[in-house]
>>> print(open('coords.txt').read())   # compact mmCIF, C-alpha atoms
# COMPACT_ATOMS: atom_id res chain seq x y z
CA MET J 1 0.00 0.00 0.00
CA ARG J 2 1.20 3.58 -0.63
CA ILE J 3 1.09 5.48 2.66
CA GLY J 4 1.72 9.16 3.42
CA VAL J 5 3.00 9.90 6.91
CA LEU J 6 2.69 13.54 7.98
CA GLY J 7 5.31 14.44 10.56
CA THR J 8 9.01 13.73 10.82
CA GLY J 9 9.33 13.42 14.59
CA MET J 10 9.96 10.18 16.44
CA VAL J 11 6.37 9.02 15.92
CA GLY J 12 6.30 9.58 12.17
CA LYS J 13 9.70 8.01 11.61
CA THR J 14 8.91 4.97 13.76
CA ILE J 15 5.55 4.32 12.11
CA GLY J 16 7.01 4.99 8.65
CA ALA J 17 9.90 2.57 9.14
CA ARG J 18 7.57 -0.11 10.46
CA LEU J 19 5.27 0.30 7.45
CA VAL J 20 8.19 -0.04 5.03
CA GLY J 21 9.30 -3.13 6.94
CA LEU J 22 5.85 -4.59 6.35
CA GLY J 23 6.22 -4.02 2.61
CA HIS J 24 4.38 -0.71 2.22
CA GLU J 25 5.76 2.31 0.38
CA VAL J 26 5.98 5.44 2.51
CA VAL J 27 6.50 9.14 1.87
CA LEU J 28 7.31 11.03 5.05
CA GLY J 29 5.96 14.59 4.79
CA SER J 30 7.24 17.75 6.42
CA ARG J 31 6.92 21.51 5.90
CA THR J 32 9.83 21.60 3.47
CA PRO J 33 10.71 19.15 0.68
CA ASP J 34 14.26 18.65 1.90
CA ASN J 35 13.90 18.34 5.67
CA PRO J 36 17.31 16.93 6.74
CA SER J 37 15.82 14.60 9.35
CA ALA J 38 13.35 13.17 6.83
CA SER J 39 16.06 12.79 4.18
CA ALA J 40 18.30 10.93 6.64
CA TRP J 41 15.36 8.71 7.58
CA ALA J 42 14.65 7.87 3.91
CA ARG J 43 18.30 6.99 3.26
CA GLN J 44 18.50 4.85 6.38
CA VAL J 45 15.24 2.95 5.80
CA GLY J 46 16.07 2.46 2.12
CA ASP J 47 13.83 0.98 -0.56
CA GLY J 48 10.21 1.99 -0.15
CA ALA J 49 11.01 5.08 1.93
CA ASP J 50 10.95 8.60 0.52
CA ARG J 51 10.30 12.11 1.81
CA GLY J 52 8.67 15.31 0.62
CA THR J 53 6.28 18.05 1.69
CA PHE J 54 3.06 17.41 3.57
CA ALA J 55 1.32 17.91 0.20
CA ASP J 56 3.63 15.36 -1.45
CA ALA J 57 2.91 12.79 1.25
CA ALA J 58 -0.84 13.41 1.02
CA ARG J 59 -0.75 13.04 -2.78
CA PHE J 60 1.30 9.84 -2.59
CA GLY J 61 -0.65 8.01 0.09
CA GLU J 62 -3.72 5.89 -0.49
CA LEU J 63 -3.88 6.10 3.32
CA LEU J 64 -2.46 8.82 5.57
CA PHE J 65 -1.09 9.00 9.10
CA ASN J 66 -1.14 12.29 11.00
CA CYS J 67 1.93 12.16 13.25
CA THR J 68 2.50 15.89 13.54
CA ALA J 69 2.50 17.78 16.84
CA GLY J 70 -1.14 18.48 17.67
CA THR J 71 -0.68 22.23 17.52
CA GLY J 72 0.52 21.92 13.90
CA SER J 73 -1.85 19.21 12.68
CA LEU J 74 -4.52 21.40 11.09
CA ALA J 75 -1.89 23.38 9.19
CA ALA J 76 -0.12 20.20 8.07
CA VAL J 77 -3.24 18.49 6.75
CA GLY J 78 -4.46 21.82 5.41
CA SER J 79 -1.38 22.23 3.25
CA ALA J 80 -2.40 19.20 1.19
CA ASP J 81 -4.21 19.69 -2.09
CA GLU J 82 -7.84 19.11 -1.09
CA GLY J 83 -8.32 16.89 -4.14
CA ASP J 84 -5.62 14.58 -2.82
CA LEU J 85 -7.64 13.89 0.34
CA VAL J 86 -10.91 12.74 -1.18
CA GLY J 87 -12.08 9.46 0.28
CA LYS J 88 -8.76 8.71 1.94
CA VAL J 89 -8.45 7.26 5.44
CA LEU J 90 -6.40 9.46 7.78
CA ILE J 91 -5.25 7.80 11.01
CA ASP J 92 -4.89 10.62 13.53
CA VAL J 93 -2.22 9.71 16.06
CA ALA J 94 -1.64 13.28 17.29
CA ASN J 95 -2.51 14.85 20.63
CA PRO J 96 -3.47 18.51 21.10
CA LEU J 97 -0.75 19.14 23.69
CA ASP J 98 -0.02 22.73 24.65
CA PHE J 99 3.52 23.09 26.02
CA SER J 100 3.34 26.90 26.25
CA GLN J 101 3.13 26.75 30.07
CA GLY J 102 5.84 24.11 30.41
CA PHE J 103 5.66 20.47 31.46
CA PRO J 104 3.34 18.71 31.88
CA PRO J 105 1.48 20.23 28.93
CA SER J 106 -2.24 20.89 29.04
CA LEU J 107 -4.67 20.16 26.19
CA SER J 108 -5.63 22.88 23.74
CA VAL J 109 -8.93 21.12 22.92
CA VAL J 110 -11.12 19.45 25.56
CA ASN J 111 -14.57 18.39 26.62
CA THR J 112 -16.83 19.34 23.71
CA ASP J 113 -14.32 18.97 20.90
CA SER J 114 -11.15 17.10 19.99
CA LEU J 115 -8.33 17.34 17.50
CA GLY J 116 -9.75 14.34 15.65
CA GLU J 117 -13.06 16.15 15.20
CA GLN J 118 -11.33 19.37 14.15
CA ILE J 119 -9.47 17.57 11.36
CA GLN J 120 -12.64 15.76 10.26
CA ARG J 121 -14.63 19.02 10.18
CA ALA J 122 -11.90 20.86 8.28
CA HIS J 123 -11.72 18.07 5.67
CA PRO J 124 -15.09 16.37 5.26
CA ALA J 125 -13.72 14.41 2.28
CA LEU J 126 -11.23 12.62 4.56
CA ARG J 127 -12.27 9.65 6.66
CA VAL J 128 -10.56 10.37 9.98
CA VAL J 129 -9.94 7.57 12.46
CA LYS J 130 -8.42 8.49 15.80
CA ALA J 131 -6.13 5.71 17.01
CA LEU J 132 -2.86 4.93 18.77
CA ASN J 133 -2.54 8.34 20.48
CA THR J 134 -2.65 6.76 23.96
CA MET J 135 0.81 5.15 23.95
CA ASN J 136 4.36 5.71 22.79
CA CYS J 137 5.35 4.93 19.23
CA GLN J 138 7.41 1.82 19.94
CA ILE J 139 4.31 0.20 21.41
CA MET J 140 2.06 1.48 18.60
CA VAL J 141 3.97 -0.54 16.00
CA ASP J 142 5.01 -3.50 18.20
CA PRO J 143 2.39 -4.14 20.89
CA GLY J 144 3.90 -7.53 21.74
CA ARG J 145 6.85 -5.83 23.45
CA LEU J 146 4.73 -5.44 26.62
CA GLY J 147 4.29 -8.41 28.91
CA ALA J 148 0.51 -8.70 28.99
CA THR J 149 -2.65 -7.87 27.10
CA HIS J 150 -3.32 -4.16 26.53
CA HIS J 151 -5.64 -2.13 24.34
CA VAL J 152 -5.89 0.44 21.55
CA PHE J 153 -8.94 2.60 20.87
CA LEU J 154 -10.60 3.65 17.59
CA SER J 155 -12.91 6.62 16.98
CA GLY J 156 -14.35 7.50 13.59
CA ASP J 157 -17.53 8.04 11.61
CA ASP J 158 -16.83 5.60 8.76
CA ALA J 159 -17.11 1.86 9.41
CA ASP J 160 -15.13 0.89 6.30
CA ALA J 161 -12.33 3.25 7.31
CA LYS J 162 -12.22 1.68 10.77
CA GLY J 163 -12.06 -1.75 9.11
CA THR J 164 -9.02 -0.60 7.12
CA VAL J 165 -7.38 0.67 10.31
CA VAL J 166 -8.10 -2.60 12.12
CA ARG J 167 -6.34 -4.53 9.34
CA LEU J 168 -3.32 -2.22 9.51
CA LEU J 169 -3.19 -2.52 13.33
CA GLN J 170 -3.24 -6.28 12.94
CA GLU J 171 -0.23 -5.98 10.63
CA PHE J 172 1.50 -4.08 13.45
CA GLY J 173 0.74 -7.03 15.74
CA TRP J 174 -2.46 -5.96 17.48
CA PRO J 175 -4.82 -8.89 18.10
CA ALA J 176 -8.38 -8.04 17.02
CA SER J 177 -9.50 -8.61 20.62
CA CYS J 178 -7.27 -5.74 21.78
CA ILE J 179 -8.79 -3.14 19.44
CA ILE J 180 -11.74 -1.30 21.03
CA ASP J 181 -14.04 0.68 18.72
CA LEU J 182 -15.32 3.54 20.90
CA GLY J 183 -17.77 4.85 18.29
CA ASP J 184 -17.96 7.98 16.15
CA ILE J 185 -15.29 10.65 15.89
CA THR J 186 -16.67 12.57 18.90
CA THR J 187 -15.47 9.70 21.09
CA ALA J 188 -11.90 10.82 20.30
CA ARG J 189 -12.39 13.24 23.22
CA GLY J 190 -11.90 10.31 25.59
CA PRO J 191 -8.53 9.02 24.36
CA GLU J 192 -7.26 12.59 23.93
CA MET J 193 -8.25 13.56 27.48
CA PHE J 194 -6.46 10.44 28.74
CA LEU J 195 -3.14 12.14 27.96
CA PRO J 196 -2.84 14.02 31.27
CA LEU J 197 -3.01 10.68 33.10
CA TRP J 198 -0.53 9.14 30.65
CA LEU J 199 1.86 12.02 31.31
CA ARG J 200 1.68 11.53 35.11
CA LEU J 201 2.21 7.80 34.74
CA TYR J 202 5.19 8.55 32.50
CA GLY J 203 6.55 10.73 35.32
CA VAL J 204 6.05 8.08 38.00
CA LEU J 205 7.20 5.07 35.97
CA ALA J 206 10.11 7.02 34.44
CA THR J 207 9.48 5.28 31.12
CA GLY J 208 7.05 5.47 28.23
CA GLU J 209 7.14 1.68 27.93
CA PHE J 210 3.63 1.06 29.18
CA ASN J 211 0.05 1.07 28.02
CA ILE J 212 -3.32 0.58 29.62
CA ALA J 213 -5.51 -2.48 29.53
CA VAL J 214 -9.23 -2.53 30.09
CA VAL J 215 -9.82 -5.24 32.70
CA ARG J 216 -13.23 -6.82 33.15
CA MET Y 1 -12.03 4.07 63.03
CA ARG Y 2 -14.75 6.74 62.94
CA ILE Y 3 -15.35 7.76 59.33
CA GLY Y 4 -17.55 10.49 57.87
CA VAL Y 5 -18.87 9.83 54.38
CA LEU Y 6 -20.19 12.91 52.57
CA GLY Y 7 -22.81 11.96 50.00
CA THR Y 8 -25.76 9.60 50.08
CA GLY Y 9 -25.72 8.40 46.49
CA MET Y 10 -24.71 4.92 45.37
CA VAL Y 11 -21.01 5.66 45.93
CA GLY Y 12 -21.39 6.97 49.49
CA LYS Y 13 -23.72 4.16 50.51
CA THR Y 14 -21.53 1.45 48.99
CA ILE Y 15 -18.33 2.76 50.57
CA GLY Y 16 -20.11 3.39 53.88
CA ALA Y 17 -21.54 -0.12 54.07
CA ARG Y 18 -18.19 -1.67 53.20
CA LEU Y 19 -16.48 0.38 55.94
CA VAL Y 20 -19.04 -0.74 58.51
CA GLY Y 21 -18.53 -4.32 57.36
CA LEU Y 22 -14.82 -3.89 58.05
CA GLY Y 23 -15.60 -2.79 61.60
CA HIS Y 24 -15.50 0.97 61.21
CA GLU Y 25 -18.17 3.35 62.46
CA VAL Y 26 -19.70 5.53 59.75
CA VAL Y 27 -21.88 8.62 59.63
CA LEU Y 28 -23.31 9.24 56.19
CA GLY Y 29 -23.74 12.97 55.64
CA SER Y 30 -26.23 14.81 53.46
CA ARG Y 31 -27.68 18.32 53.16
CA THR Y 32 -30.42 17.56 55.67
CA PRO Y 33 -30.21 15.62 58.96
CA ASP Y 34 -33.08 13.31 58.05
CA ASN Y 35 -32.45 12.45 54.41
CA PRO Y 36 -34.79 9.46 53.83
CA SER Y 37 -32.28 7.57 51.68
CA ALA Y 38 -29.55 7.98 54.32
CA SER Y 39 -31.91 6.95 57.11
CA ALA Y 40 -32.95 3.82 55.22
CA TRP Y 41 -29.27 3.03 54.61
CA ALA Y 42 -28.44 3.39 58.32
CA ARG Y 43 -31.32 1.11 59.32
CA GLN Y 44 -30.36 -1.48 56.73
CA VAL Y 45 -26.64 -1.54 57.53
CA GLY Y 46 -27.33 -1.56 61.26
CA ASP Y 47 -24.78 -1.27 64.07
CA GLY Y 48 -22.02 1.17 63.27
CA ALA Y 49 -24.03 3.04 60.65
CA ASP Y 50 -25.64 6.41 61.29
CA ARG Y 51 -26.61 9.48 59.27
CA GLY Y 52 -26.66 13.24 59.71
CA THR Y 53 -25.75 16.46 57.95
CA PHE Y 54 -22.49 17.00 56.09
CA ALA Y 55 -21.35 18.92 59.20
CA ASP Y 56 -22.32 16.01 61.46
CA ALA Y 57 -20.37 13.55 59.33
CA ALA Y 58 -17.33 15.85 59.22
CA ARG Y 59 -17.42 16.26 63.01
CA PHE Y 60 -17.79 12.52 63.59
CA GLY Y 61 -15.10 11.27 61.27
CA GLU Y 62 -11.42 10.95 62.08
CA LEU Y 63 -11.19 10.41 58.32
CA LEU Y 64 -13.58 11.65 55.62
CA PHE Y 65 -14.71 10.46 52.21
CA ASN Y 66 -16.07 12.93 49.66
CA CYS Y 67 -18.63 10.96 47.66
CA THR Y 68 -20.83 13.86 46.63
CA ALA Y 69 -21.53 14.83 43.03
CA GLY Y 70 -18.56 16.91 41.88
CA THR Y 71 -20.69 19.98 41.26
CA GLY Y 72 -21.79 19.91 44.93
CA SER Y 73 -18.51 18.91 46.56
CA LEU Y 74 -17.20 22.36 47.52
CA ALA Y 75 -20.54 23.27 49.12
CA ALA Y 76 -20.72 19.94 50.96
CA VAL Y 77 -17.23 20.14 52.44
CA GLY Y 78 -17.73 23.86 53.01
CA SER Y 79 -20.77 23.27 55.19
CA ALA Y 80 -18.57 21.53 57.79
CA ASP Y 81 -17.35 23.47 60.80
CA GLU Y 82 -13.81 24.40 59.74
CA GLY Y 83 -12.51 23.32 63.15
CA ASP Y 84 -13.80 19.82 62.45
CA LEU Y 85 -11.55 19.48 59.41
CA VAL Y 86 -8.18 20.29 60.96
CA GLY Y 87 -5.57 17.67 60.15
CA LYS Y 88 -8.11 15.17 58.85
CA VAL Y 89 -7.55 13.05 55.76
CA LEU Y 90 -10.25 13.54 53.11
CA ILE Y 91 -10.38 10.92 50.37
CA ASP Y 92 -11.84 12.67 47.35
CA VAL Y 93 -13.68 10.14 45.20
CA ALA Y 94 -15.76 12.72 43.29
CA ASN Y 95 -15.54 13.77 39.66
CA PRO Y 96 -16.35 17.28 38.39
CA LEU Y 97 -18.91 16.05 35.87
CA ASP Y 98 -21.13 18.63 34.23
CA PHE Y 99 -24.37 17.06 32.98
CA SER Y 100 -25.94 20.40 31.97
CA GLN Y 101 -25.50 19.59 28.27
CA GLY Y 102 -26.68 15.98 28.63
CA PHE Y 103 -24.80 12.70 28.33
CA PRO Y 104 -21.93 12.15 28.17
CA PRO Y 105 -21.10 14.91 30.63
CA SER Y 106 -18.09 17.17 30.22
CA LEU Y 107 -15.76 18.20 33.02
CA SER Y 108 -16.26 21.51 34.82
CA VAL Y 109 -12.57 21.65 35.80
CA VAL Y 110 -9.73 20.67 33.45
CA ASN Y 111 -6.13 21.10 32.44
CA THR Y 112 -4.68 23.55 34.98
CA ASP Y 113 -6.89 22.67 37.94
CA SER Y 114 -8.90 19.80 39.37
CA LEU Y 115 -11.64 19.23 41.91
CA GLY Y 116 -9.11 17.67 44.27
CA GLU Y 117 -7.02 20.83 44.16
CA GLN Y 118 -10.07 23.04 44.60
CA ILE Y 119 -11.04 21.23 47.79
CA GLN Y 120 -7.45 21.32 49.07
CA ARG Y 121 -7.17 25.09 48.38
CA ALA Y 122 -10.53 25.83 50.02
CA HIS Y 123 -9.55 23.85 53.13
CA PRO Y 124 -5.80 23.99 53.73
CA ALA Y 125 -6.27 22.30 57.11
CA LEU Y 126 -7.55 19.15 55.38
CA ARG Y 127 -5.17 16.61 53.88
CA VAL Y 128 -6.85 15.77 50.58
CA VAL Y 129 -6.01 12.55 48.76
CA LYS Y 130 -7.63 11.95 45.38
CA ALA Y 131 -8.34 8.26 44.90
CA LEU Y 132 -10.82 5.73 43.51
CA ASN Y 133 -12.54 8.19 41.14
CA THR Y 134 -11.56 6.16 38.07
CA MET Y 135 -13.90 3.19 38.60
CA ASN Y 136 -17.37 2.29 39.78
CA CYS Y 137 -18.06 1.91 43.47
CA GLN Y 138 -18.46 -1.88 43.53
CA ILE Y 139 -14.89 -2.18 42.25
CA MET Y 140 -13.61 0.53 44.63
CA VAL Y 141 -14.51 -1.54 47.68
CA ASP Y 142 -13.98 -5.04 46.21
CA PRO Y 143 -11.23 -4.94 43.58
CA GLY Y 144 -10.99 -8.74 43.51
CA ARG Y 145 -14.29 -8.97 41.63
CA LEU Y 146 -12.44 -8.33 38.36
CA GLY Y 147 -10.58 -11.18 36.73
CA ALA Y 148 -7.08 -9.73 36.50
CA THR Y 149 -4.74 -7.18 38.03
CA HIS Y 150 -5.86 -3.54 37.77
CA HIS Y 151 -4.83 -0.27 39.38
CA VAL Y 152 -5.92 2.64 41.56
CA PHE Y 153 -4.23 6.05 41.62
CA LEU Y 154 -3.38 8.39 44.53
CA SER Y 155 -2.72 12.13 44.39
CA GLY Y 156 -2.01 14.26 47.45
CA ASP Y 157 0.48 16.58 49.11
CA ASP Y 158 0.82 14.74 52.43
CA ALA Y 159 2.81 11.49 52.55
CA ASP Y 160 1.33 10.38 55.89
CA ALA Y 161 -2.18 10.96 54.57
CA LYS Y 162 -1.39 8.83 51.53
CA GLY Y 163 -0.07 6.14 53.85
CA THR Y 164 -3.39 6.16 55.71
CA VAL Y 165 -5.25 5.85 52.41
CA VAL Y 166 -3.04 2.97 51.29
CA ARG Y 167 -3.87 1.06 54.47
CA LEU Y 168 -7.60 1.66 53.99
CA LEU Y 169 -7.38 0.57 50.34
CA GLN Y 170 -5.65 -2.59 51.48
CA GLU Y 171 -8.58 -3.23 53.84
CA PHE Y 172 -10.84 -2.95 50.77
CA GLY Y 173 -8.71 -5.64 49.12
CA TRP Y 174 -6.25 -3.62 47.02
CA PRO Y 175 -2.78 -5.21 46.90
CA ALA Y 176 -0.07 -2.62 47.60
CA SER Y 177 1.38 -3.34 44.15
CA CYS Y 178 -1.86 -2.13 42.53
CA ILE Y 179 -1.82 1.31 44.21
CA ILE Y 180 0.04 3.90 42.13
CA ASP Y 181 1.07 7.15 43.86
CA LEU Y 182 1.03 9.76 41.07
CA GLY Y 183 2.48 12.54 43.22
CA ASP Y 184 1.11 15.78 44.66
CA ILE Y 185 -2.49 16.94 44.51
CA THR Y 186 -1.99 18.61 41.09
CA THR Y 187 -1.64 15.12 39.61
CA ALA Y 188 -5.36 14.64 40.32
CA ARG Y 189 -5.89 16.35 36.96
CA GLY Y 190 -4.85 13.10 35.27
CA PRO Y 191 -7.35 10.71 36.91
CA GLU Y 192 -10.13 13.30 36.66
CA MET Y 193 -9.50 13.87 32.94
CA PHE Y 194 -9.61 10.10 32.44
CA LEU Y 195 -13.36 10.21 33.03
CA PRO Y 196 -14.33 11.03 29.42
CA LEU Y 197 -12.57 7.83 28.30
CA TRP Y 198 -14.18 5.87 31.15
CA LEU Y 199 -17.59 7.14 30.02
CA ARG Y 200 -17.01 6.02 26.40
CA LEU Y 201 -15.81 2.61 27.56
CA TYR Y 202 -18.92 2.36 29.73
CA GLY Y 203 -20.96 3.06 26.61
CA VAL Y 204 -19.19 0.43 24.51
CA LEU Y 205 -18.94 -2.28 27.18
CA ALA Y 206 -22.50 -1.60 28.42
CA THR Y 207 -21.31 -2.14 31.99
CA GLY Y 208 -19.38 -0.27 34.65
CA GLU Y 209 -17.76 -3.52 35.74
CA PHE Y 210 -14.29 -2.74 34.46
CA ASN Y 211 -11.17 -0.86 35.41
CA ILE Y 212 -7.87 -0.07 33.78
CA ALA Y 213 -4.54 -1.71 34.39
CA VAL Y 214 -1.18 -0.17 33.67
CA VAL Y 215 0.72 -2.78 31.65
CA ARG Y 216 4.50 -2.69 31.36
>>> encode(input="coords.txt", output="structure tokens")
Amino acid sequence: MRIGVLGTGMVGKTIGARLVGLGHEVVLGSRTPDNPSASAWARQVGDGADRGTFADAARFGELLFNCTAGTGSLAAVGSADEGDLVGKVLIDVANPLDFSQGFPPSLSVVNTDSLGEQIQRAHPALRVVKALNTMNCQIMVDPGRLGATHHVFLSGDDADAKGTVVRLLQEFGWPASCIIDLGDITTARGPEMFLPLWLRLYGVLATGEFNIAVVR
Amino acid sequence: MRIGVLGTGMVGKTIGARLVGLGHEVVLGSRTPDNPSASAWARQVGDGADRGTFADAARFGELLFNCTAGTGSLAAVGSADEGDLVGKVLIDVANPLDFSQGFPPSLSVVNTDSLGEQIQRAHPALRVVKALNTMNCQIMVDPGRLGATHHVFLSGDDADAKGTVVRLLQEFGWPASCIIDLGDITTARGPEMFLPLWLRLYGVLATGEFNIAVVR
């Protein structure tokens, strides 16, 4: 599959490399066509990995990942040619973290809205699925690295799009039984508002190598 | 131990009955001295169970539980005689849920403040420990009813107070290894902001009989 990954931070590069390893072709998108970090990533990952602008990545991908910082996500997706978004699934991994007051960050969107909804509203032709934002990127692409069962959440309005995301998560190693469909895109408020607890756990555990499980 | 439980809803009555069952004496407090629901509870639970006003419960208890609705918590604690609060541990189980726009509720306090902090600021003589607000009340007082390991979080400024709460949680059945101290009272923002995710999971699972585990 041809996949556009928006964002050249740790999350974008980790997801992009994993996708290439699974046999997909990836363009990693950033603000500029020749972002040094993205170019180094493409050279290192090799065949199947390329880089370009956000618009290049959006044009290339049959499916898109939003791995930008939450505060830049609307601008990143918005810099794509709108015609290149039509009907495409966008997996929104970003969190609307506001670091302007230091650490821990607060959320710039809460309660009655979410970043996932903002992207969906701004681009009705996209099929946005919120997923994977509740854990670090090593766990996103290799859930088996933790010692017990844990879960990932999906939020989105389009059932077929969620089916596509489930299949991709299974390629990453997620058992179907560990993927919880929360409902429509408004349910993205829940996983996004989980971040303040994640950040405190990160502080206490002194590692991002954890995730949550829903125990019944 | 003499314990004052503020709030006569399901949470207050469940915690109160469990405490009496463990051999503690409990006064369940409400706005009025003769709340019919609290009186029925006291009759049903029997020896060791009594009811009164919020002020009566605060006076009686060596330790207090806040089990009121979050929107009424500051008024409930505030109706106690301030001298009856000095040095006492208050376990804040409440969530600042705002149902004014329907279900699911949003949170009336987020990001840079929490209900736990509001209560602590309003009553510096209290030693507030946020705990147990991330699950339903049957699980709070009987964690073994779930089929696998799961966790409870503590937030508070006073180490001795948190030690007292740990011992009480152990009486409820919580193994020490399942109690995670997140840090000072500002960390209560994390567990409170988890509620929107809890509410979506409640919707999907169609039961409140679940909790989260931190998996490493």
>>> atom_distance(input="coords.txt", atom1="CA of Gly78 in chain Y", atom2="CA of Pro105 in chain Y")
24.3 Å
>>> closest_atom_pairs(input="coords.txt", of="chain J", to="chain Y", cutoff="7 Å", atoms="all atoms listed in the file", output="CSV")
residue,atom,partner,partner_atom,distance
J:Ser106,CA,Y:Asn111,CA,5.2
J:Leu107,CA,Y:Asn111,CA,6.5
J:Asn111,CA,Y:Ser106,CA,5.2
J:Thr112,CA,Y:Ser106,CA,7.0
J:Leu146,CA,Y:Arg216,CA,5.5
J:Gly147,CA,Y:Arg216,CA,6.2
J:Ala148,CA,Y:Val215,CA,6.5
J:His150,CA,Y:Val215,CA,6.7
J:Leu182,CA,Y:Val204,CA,6.1
J:Thr187,CA,Y:Arg200,CA,6.6
J:Arg189,CA,Y:Pro196,CA,6.9
J:Gly190,CA,Y:Leu197,CA,3.7
J:Pro191,CA,Y:Leu197,CA,5.8
J:Met193,CA,Y:Met193,CA,5.6
J:Phe194,CA,Y:Phe194,CA,4.9
J:Pro196,CA,Y:Gly190,CA,4.6
J:Leu197,CA,Y:Gly190,CA,3.7
J:Arg200,CA,Y:Leu182,CA,6.3
J:Leu201,CA,Y:Leu182,CA,6.7
J:Val204,CA,Y:Leu182,CA,6.1
J:Glu209,CA,Y:Arg216,CA,6.2
J:Phe210,CA,Y:Arg216,CA,4.4
J:Asn211,CA,Y:Val215,CA,5.3
J:Ile212,CA,Y:Val214,CA,4.6
J:Ala213,CA,Y:Ala213,CA,5.0
J:Val214,CA,Y:Ile212,CA,4.6
J:Val215,CA,Y:Asn211,CA,5.3
J:Arg216,CA,Y:Phe210,CA,4.4
>>> closest_residue(input="coords.txt", among="Y:Ser73, Y:Gly87, Y:Gly173, Y:Asp92", to="Gln138 in chain Y", atoms="all atoms listed in the file")
Y:Gly173
>>> atom_distance(input="coords.txt", atom1="CA of Gly163 in chain J", atom2="CA of Thr8 in chain J")
26.2 Å
>>> axis_aligned_box(input="coords.txt", around="range 65-74 of chain J", padding_each_side="8 Å", output="JSON")
{"center_x": -1.0, "center_y": 15.6, "center_z": 13.4, "size_x": 23.0, "size_y": 29.2, "size_z": 24.6}
>>> closest_residue(input="coords.txt", among="Y:Ser39, Y:Gln120, Y:Asn136, Y:Thr14", to="Lys88 in chain Y", atoms="all atoms listed in the file")
Y:Gln120
>>> residues_near_point(input="coords.txt", point="(-4.8, -3.3, 15.1)", cutoff="10 Å", atoms="only C-alpha atoms", output="list in words")
Ala131, Leu132, Met140, Val141, Pro143, His151, Val152, Phe153, Leu154, Lys162, Gly163, Thr164, Val165, Val166, Arg167, Leu168, Leu169, Gln170, Glu171, Phe172, Gly173, Trp174, Pro175, Ala176, Ser177, Cys178, Ile179 and Ile180 of chain J
>>> write_last_selection(input="coords.txt", atoms="C-alpha atoms", output="mmCIF file, in the coordinates of the input")
data_model
loop_
_atom_site.group_PDB
_atom_site.id
_atom_site.type_symbol
_atom_site.label_atom_id
_atom_site.label_comp_id
_atom_site.auth_asym_id
_atom_site.auth_seq_id
_atom_site.Cartn_x
_atom_site.Cartn_y
_atom_site.Cartn_z
ATOM 1 C CA ALA J 131 -6.130 5.710 17.010
ATOM 2 C CA LEU J 132 -2.860 4.930 18.770
ATOM 3 C CA MET J 140 2.060 1.480 18.600
ATOM 4 C CA VAL J 141 3.970 -0.540 16.000
ATOM 5 C CA PRO J 143 2.390 -4.140 20.890
ATOM 6 C CA HIS J 151 -5.640 -2.130 24.340
ATOM 7 C CA VAL J 152 -5.890 0.440 21.550
ATOM 8 C CA PHE J 153 -8.940 2.600 20.870
ATOM 9 C CA LEU J 154 -10.600 3.650 17.590
ATOM 10 C CA LYS J 162 -12.220 1.680 10.770
ATOM 11 C CA GLY J 163 -12.060 -1.750 9.110
ATOM 12 C CA THR J 164 -9.020 -0.600 7.120
ATOM 13 C CA VAL J 165 -7.380 0.670 10.310
ATOM 14 C CA VAL J 166 -8.100 -2.600 12.120
ATOM 15 C CA ARG J 167 -6.340 -4.530 9.340
ATOM 16 C CA LEU J 168 -3.320 -2.220 9.510
ATOM 17 C CA LEU J 169 -3.190 -2.520 13.330
ATOM 18 C CA GLN J 170 -3.240 -6.280 12.940
ATOM 19 C CA GLU J 171 -0.230 -5.980 10.630
ATOM 20 C CA PHE J 172 1.500 -4.080 13.450
ATOM 21 C CA GLY J 173 0.740 -7.030 15.740
ATOM 22 C CA TRP J 174 -2.460 -5.960 17.480
ATOM 23 C CA PRO J 175 -4.820 -8.890 18.100
ATOM 24 C CA ALA J 176 -8.380 -8.040 17.020
ATOM 25 C CA SER J 177 -9.500 -8.610 20.620
ATOM 26 C CA CYS J 178 -7.270 -5.740 21.780
ATOM 27 C CA ILE J 179 -8.790 -3.140 19.440
ATOM 28 C CA ILE J 180 -11.740 -1.300 21.030
#
>>> atom_distance(input="coords.txt", atom1="CA of Gly16 in chain J", atom2="CA of Asp157 in chain J")
24.9 Å
